[in-house]
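Right, one structure below, let's go through it.
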Amino acid sequence: MILDLGGGFVLRHALAADHEALCRVCLMTGDAGADASAREDDPTLMGQIYAVPYQVLEPDLAFVLEGEPGVSGYLFGALDTAAFYARLEADWYPALRRHVRDPGQDRTAWRNSDWARHAIHHPSLDVPDSLADFPSHGHIDLLPEARGRGVGRRCVEFLEGRLAKAGSTGLFLDVHPRNRGAQRFYAALGYRPVAGGAGTSMFMAKRL
């Protein structure tokens, strides 16, 4: 255990044995915070993009929230976003691409998880200049049973402390524009919108 969050929830380091649970949480929160299971034909791809690589490439800042039902969420951080993205391109995506077909550029022909397949072959790994003051990024998703208990706030504050201690001067989060609840949550913690997002990305950032 790393941190007792109260209410029967604890935060601990994520392990390789948690990969299936990480993919499950990612899927169940993948539609702007809601369950994306109905739209995806491959339940693992979202997790392979947004969750599992943190445990593999940045394990010191990869955590799971565990409660009575099991894994109910995760918390990830990357100290140096540009370096993390470079490792994704060099060390993570090449192996995935060997097992996942590219659905092509015609989005009108995409079905189900084709958007994720396309993202694996053509990831967006540029860091906008607007984020220069926020070199680190974080990622948190909680299942409904872990929400509304103050758990999310304590997790984010914990990550902020870890990153600041490691020398980071700022942290940003990539929030879906439709996820109004997440936007209100981060705003209450001192995060403010930063230019540079597009499509399904909205950046909120905070100096540490």
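In the structure tokens, chains take the letters A, B, ... in the order shown, each chain's residues start at 1, and ligands count up from 1 in the order shown.
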
Residues near region 152-157 of chain A, anyone? I mean within 8 Å using only C-alpha atoms, not counting same-chain ones fewer than 4 positions away, as a PDB file with all heavy atoms, in the first residue's frame.
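What ended up in out.pdb:
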```
ATOM      1  N   LEU A   5      -6.742   5.837   1.418  1.00  0.00           N
ATOM      2  CA  LEU A   5      -7.602   6.931   0.987  1.00  0.00           C
ATOM      3  C   LEU A   5      -8.911   7.000   1.750  1.00  0.00           C
ATOM      4  O   LEU A   5      -9.735   7.879   1.512  1.00  0.00           O
ATOM      5  CB  LEU A   5      -7.885   6.794  -0.514  1.00  0.00           C
ATOM      6  CG  LEU A   5      -6.655   6.894  -1.411  1.00  0.00           C
ATOM      7  CD1 LEU A   5      -7.000   6.456  -2.826  1.00  0.00           C
ATOM      8  CD2 LEU A   5      -6.107   8.306  -1.415  1.00  0.00           C
ATOM      9  N   LEU A  75      -4.307   5.838 -11.349  1.00  0.00           N
ATOM     10  CA  LEU A  75      -3.682   7.160 -11.327  1.00  0.00           C
ATOM     11  C   LEU A  75      -2.318   7.022 -11.974  1.00  0.00           C
ATOM     12  O   LEU A  75      -1.496   6.215 -11.536  1.00  0.00           O
ATOM     13  CB  LEU A  75      -3.525   7.640  -9.880  1.00  0.00           C
ATOM     14  CG  LEU A  75      -2.738   8.928  -9.648  1.00  0.00           C
ATOM     15  CD1 LEU A  75      -3.522  10.130 -10.156  1.00  0.00           C
ATOM     16  CD2 LEU A  75      -2.418   9.092  -8.165  1.00  0.00           C
ATOM     17  N   ILE A 140      -6.146  10.186 -14.572  1.00  0.00           N
ATOM     18  CA  ILE A 140      -6.876   9.481 -13.526  1.00  0.00           C
ATOM     19  C   ILE A 140      -8.258   9.105 -14.032  1.00  0.00           C
ATOM     20  O   ILE A 140      -8.926   9.909 -14.684  1.00  0.00           O
ATOM     21  CB  ILE A 140      -6.990  10.342 -12.240  1.00  0.00           C
ATOM     22  CG1 ILE A 140      -7.774   9.594 -11.138  1.00  0.00           C
ATOM     23  CG2 ILE A 140      -7.605  11.708 -12.529  1.00  0.00           C
ATOM     24  CD1 ILE A 140      -7.784  10.312  -9.801  1.00  0.00           C
ATOM     25  N   LEU A 142     -11.715   6.881 -12.434  1.00  0.00           N
ATOM     26  CA  LEU A 142     -12.310   6.156 -11.319  1.00  0.00           C
ATOM     27  C   LEU A 142     -13.652   5.575 -11.741  1.00  0.00           C
ATOM     28  O   LEU A 142     -14.429   6.240 -12.439  1.00  0.00           O
ATOM     29  CB  LEU A 142     -12.531   7.084 -10.120  1.00  0.00           C
ATOM     30  CG  LEU A 142     -11.316   7.849  -9.578  1.00  0.00           C
ATOM     31  CD1 LEU A 142     -11.747   8.743  -8.420  1.00  0.00           C
ATOM     32  CD2 LEU A 142     -10.216   6.901  -9.154  1.00  0.00           C
ATOM     33  N   ARG A 147     -16.299   7.287  -6.819  1.00  0.00           N
ATOM     34  CA  ARG A 147     -16.507   8.711  -7.023  1.00  0.00           C
ATOM     35  C   ARG A 147     -17.318   9.327  -5.886  1.00  0.00           C
ATOM     36  O   ARG A 147     -18.062   8.649  -5.194  1.00  0.00           O
ATOM     37  CB  ARG A 147     -17.211   8.958  -8.359  1.00  0.00           C
ATOM     38  CG  ARG A 147     -16.434   8.455  -9.558  1.00  0.00           C
ATOM     39  CD  ARG A 147     -17.243   8.575 -10.836  1.00  0.00           C
ATOM     40  NE  ARG A 147     -16.573   7.919 -11.961  1.00  0.00           N
ATOM     41  CZ  ARG A 147     -17.141   7.699 -13.137  1.00  0.00           C
ATOM     42  NH1 ARG A 147     -18.381   8.092 -13.353  1.00  0.00           N
ATOM     43  NH2 ARG A 147     -16.462   7.093 -14.099  1.00  0.00           N
ATOM     44  N   GLY A 161       2.223  16.064  -5.473  1.00  0.00           N
ATOM     45  CA  GLY A 161       3.340  16.029  -4.536  1.00  0.00           C
ATOM     46  C   GLY A 161       4.501  15.192  -5.042  1.00  0.00           C
ATOM     47  O   GLY A 161       5.665  15.590  -4.911  1.00  0.00           O
ATOM     48  N   LEU A 189      -9.613  22.110  -8.127  1.00  0.00           N
ATOM     49  CA  LEU A 189      -8.277  21.809  -7.609  1.00  0.00           C
ATOM     50  C   LEU A 189      -7.234  22.799  -8.123  1.00  0.00           C
ATOM     51  O   LEU A 189      -6.041  22.619  -7.877  1.00  0.00           O
ATOM     52  CB  LEU A 189      -7.875  20.388  -8.013  1.00  0.00           C
ATOM     53  CG  LEU A 189      -8.674  19.258  -7.354  1.00  0.00           C
ATOM     54  CD1 LEU A 189      -8.233  17.908  -7.893  1.00  0.00           C
ATOM     55  CD2 LEU A 189      -8.508  19.290  -5.840  1.00  0.00           C
TER      56      LEU A 189
END
```

**Q.** Residues of region 82-187 of chain A in strand (DSSP E or B), written as a PyMOL selection string
**A.** chain A and resi 136-142+170-175

Write to file, as a CSV table (one decimal), in the first residue's frame, the residues of the selection just made, with all heavy atoms.
```csv
chain,number,residue,atom,x,y,z
A,136,SER,N,5.0,18.0,-17.0
A,136,SER,CA,4.5,16.7,-16.6
A,136,SER,C,3.0,16.6,-17.0
A,136,SER,O,2.3,17.6,-17.1
A,136,SER,CB,4.6,16.5,-15.1
A,136,SER,OG,6.0,16.6,-14.7
A,137,HIS,N,2.5,15.3,-17.1
A,137,HIS,CA,1.1,15.2,-17.3
A,137,HIS,C,0.6,14.0,-16.4
A,137,HIS,O,1.4,13.2,-16.0
A,137,HIS,CB,0.7,14.9,-18.7
A,137,HIS,CG,1.0,13.6,-19.3
A,137,HIS,ND1,2.2,13.3,-19.9
A,137,HIS,CD2,0.2,12.5,-19.3
A,137,HIS,CE1,2.2,12.0,-20.3
A,137,HIS,NE2,1.0,11.5,-20.0
A,138,GLY,N,-0.7,14.0,-16.1
A,138,GLY,CA,-1.3,13.0,-15.3
A,138,GLY,C,-2.6,12.5,-15.9
A,138,GLY,O,-3.1,13.0,-16.9
A,139,HIS,N,-3.0,11.4,-15.4
A,139,HIS,CA,-4.2,10.7,-16.0
A,139,HIS,C,-4.9,9.9,-14.8
A,139,HIS,O,-4.2,9.1,-14.1
A,139,HIS,CB,-3.8,9.7,-17.1
A,139,HIS,CG,-4.9,9.1,-17.8
A,139,HIS,ND1,-6.0,9.7,-18.2
A,139,HIS,CD2,-5.0,7.8,-18.3
A,139,HIS,CE1,-6.8,8.9,-18.9
A,139,HIS,NE2,-6.2,7.8,-19.0
A,140,ILE,N,-6.1,10.2,-14.6
A,140,ILE,CA,-6.9,9.5,-13.5
A,140,ILE,C,-8.3,9.1,-14.0
A,140,ILE,O,-8.9,9.9,-14.7
A,140,ILE,CB,-7.0,10.3,-12.2
A,140,ILE,CG1,-7.8,9.6,-11.1
A,140,ILE,CG2,-7.6,11.7,-12.5
A,140,ILE,CD1,-7.8,10.3,-9.8
A,141,ASP,N,-8.7,7.9,-13.8
A,141,ASP,CA,-10.0,7.4,-14.1
A,141,ASP,C,-10.5,6.6,-12.9
A,141,ASP,O,-9.8,5.7,-12.4
A,141,ASP,CB,-10.1,6.6,-15.3
A,141,ASP,CG,-10.0,7.4,-16.6
A,141,ASP,OD1,-10.7,8.4,-16.6
A,141,ASP,OD2,-9.3,7.1,-17.5
A,142,LEU,N,-11.7,6.9,-12.4
A,142,LEU,CA,-12.3,6.2,-11.3
A,142,LEU,C,-13.7,5.6,-11.7
A,142,LEU,O,-14.4,6.2,-12.4
A,142,LEU,CB,-12.5,7.1,-10.1
A,142,LEU,CG,-11.3,7.8,-9.6
A,142,LEU,CD1,-11.7,8.7,-8.4
A,142,LEU,CD2,-10.2,6.9,-9.2
A,170,GLY,N,5.2,22.0,-13.3
A,170,GLY,CA,3.8,22.1,-13.8
A,170,GLY,C,3.2,20.8,-14.3
A,170,GLY,O,4.0,19.9,-14.8
A,171,LEU,N,1.9,20.6,-14.1
A,171,LEU,CA,1.2,19.4,-14.5
A,171,LEU,C,0.0,19.7,-15.4
A,171,LEU,O,-0.7,20.7,-15.1
A,171,LEU,CB,0.8,18.7,-13.2
A,171,LEU,CG,-0.2,17.5,-13.3
A,171,LEU,CD1,0.5,16.3,-14.0
A,171,LEU,CD2,-0.6,17.1,-11.9
A,172,PHE,N,-0.2,19.0,-16.5
A,172,PHE,CA,-1.4,19.2,-17.2
A,172,PHE,C,-2.2,17.8,-17.4
A,172,PHE,O,-1.6,16.8,-17.2
A,172,PHE,CB,-1.1,19.8,-18.6
A,172,PHE,CG,-0.6,18.8,-19.7
A,172,PHE,CD1,-1.4,18.0,-20.4
A,172,PHE,CD2,0.8,18.6,-19.8
A,172,PHE,CE1,-0.9,17.2,-21.4
A,172,PHE,CE2,1.3,17.8,-20.8
A,172,PHE,CZ,0.5,17.0,-21.6
A,173,LEU,N,-3.4,18.0,-17.6
A,173,LEU,CA,-4.3,16.8,-17.8
A,173,LEU,C,-5.1,17.0,-19.1
A,173,LEU,O,-5.5,18.1,-19.5
A,173,LEU,CB,-5.3,16.8,-16.6
A,173,LEU,CG,-4.7,16.7,-15.2
A,173,LEU,CD1,-5.6,17.4,-14.2
A,173,LEU,CD2,-4.4,15.3,-14.8
A,174,ASP,N,-5.3,15.9,-19.8
A,174,ASP,CA,-6.0,15.9,-21.1
A,174,ASP,C,-7.5,15.5,-20.8
A,174,ASP,O,-7.7,14.3,-20.4
A,174,ASP,CB,-5.3,15.0,-22.1
A,174,ASP,CG,-5.9,15.1,-23.5
A,174,ASP,OD1,-7.0,15.7,-23.6
A,174,ASP,OD2,-5.2,14.6,-24.4
A,175,VAL,N,-8.4,16.4,-20.9
A,175,VAL,CA,-9.8,16.1,-20.5
A,175,VAL,C,-10.7,16.2,-21.8
A,175,VAL,O,-10.5,17.0,-22.6
A,175,VAL,CB,-10.3,17.2,-19.5
A,175,VAL,CG1,-11.7,16.9,-19.0
A,175,VAL,CG2,-9.3,17.4,-18.4
```

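Among the candidates A:Ala83, A:Leu131, A:Ala32, A:Ala90, the one nearest to Gln183 (chain A) when counting only C-alpha atoms is A:Ala32.
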
Q.
Rounded to one decimal, what separation in Å do you get between CA of Ser72 (chain A) and CA of Val25 (chain A)?
A. 7.0 Å

Q: Tell me which of A:Ser37, A:Asn179, A:Ser130, A:Thr81 sits closest to Leu163 (chain A), counting only C-alpha atoms.
A: A:Thr81

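Across the model, the gap from CA of Ala21 (chain A) to CA of Asp41 (chain A) is 17.5 Å.
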
**Q.** Contact residues around Arg39 (chain A) with only C-alpha atoms at 10 Å, ignoring same-chain residues under 4 positions, as a list in words
**A.** Leu27, Asp31, Asp35, Pro43, Arg111, Asn112 and Ser113 of chain A
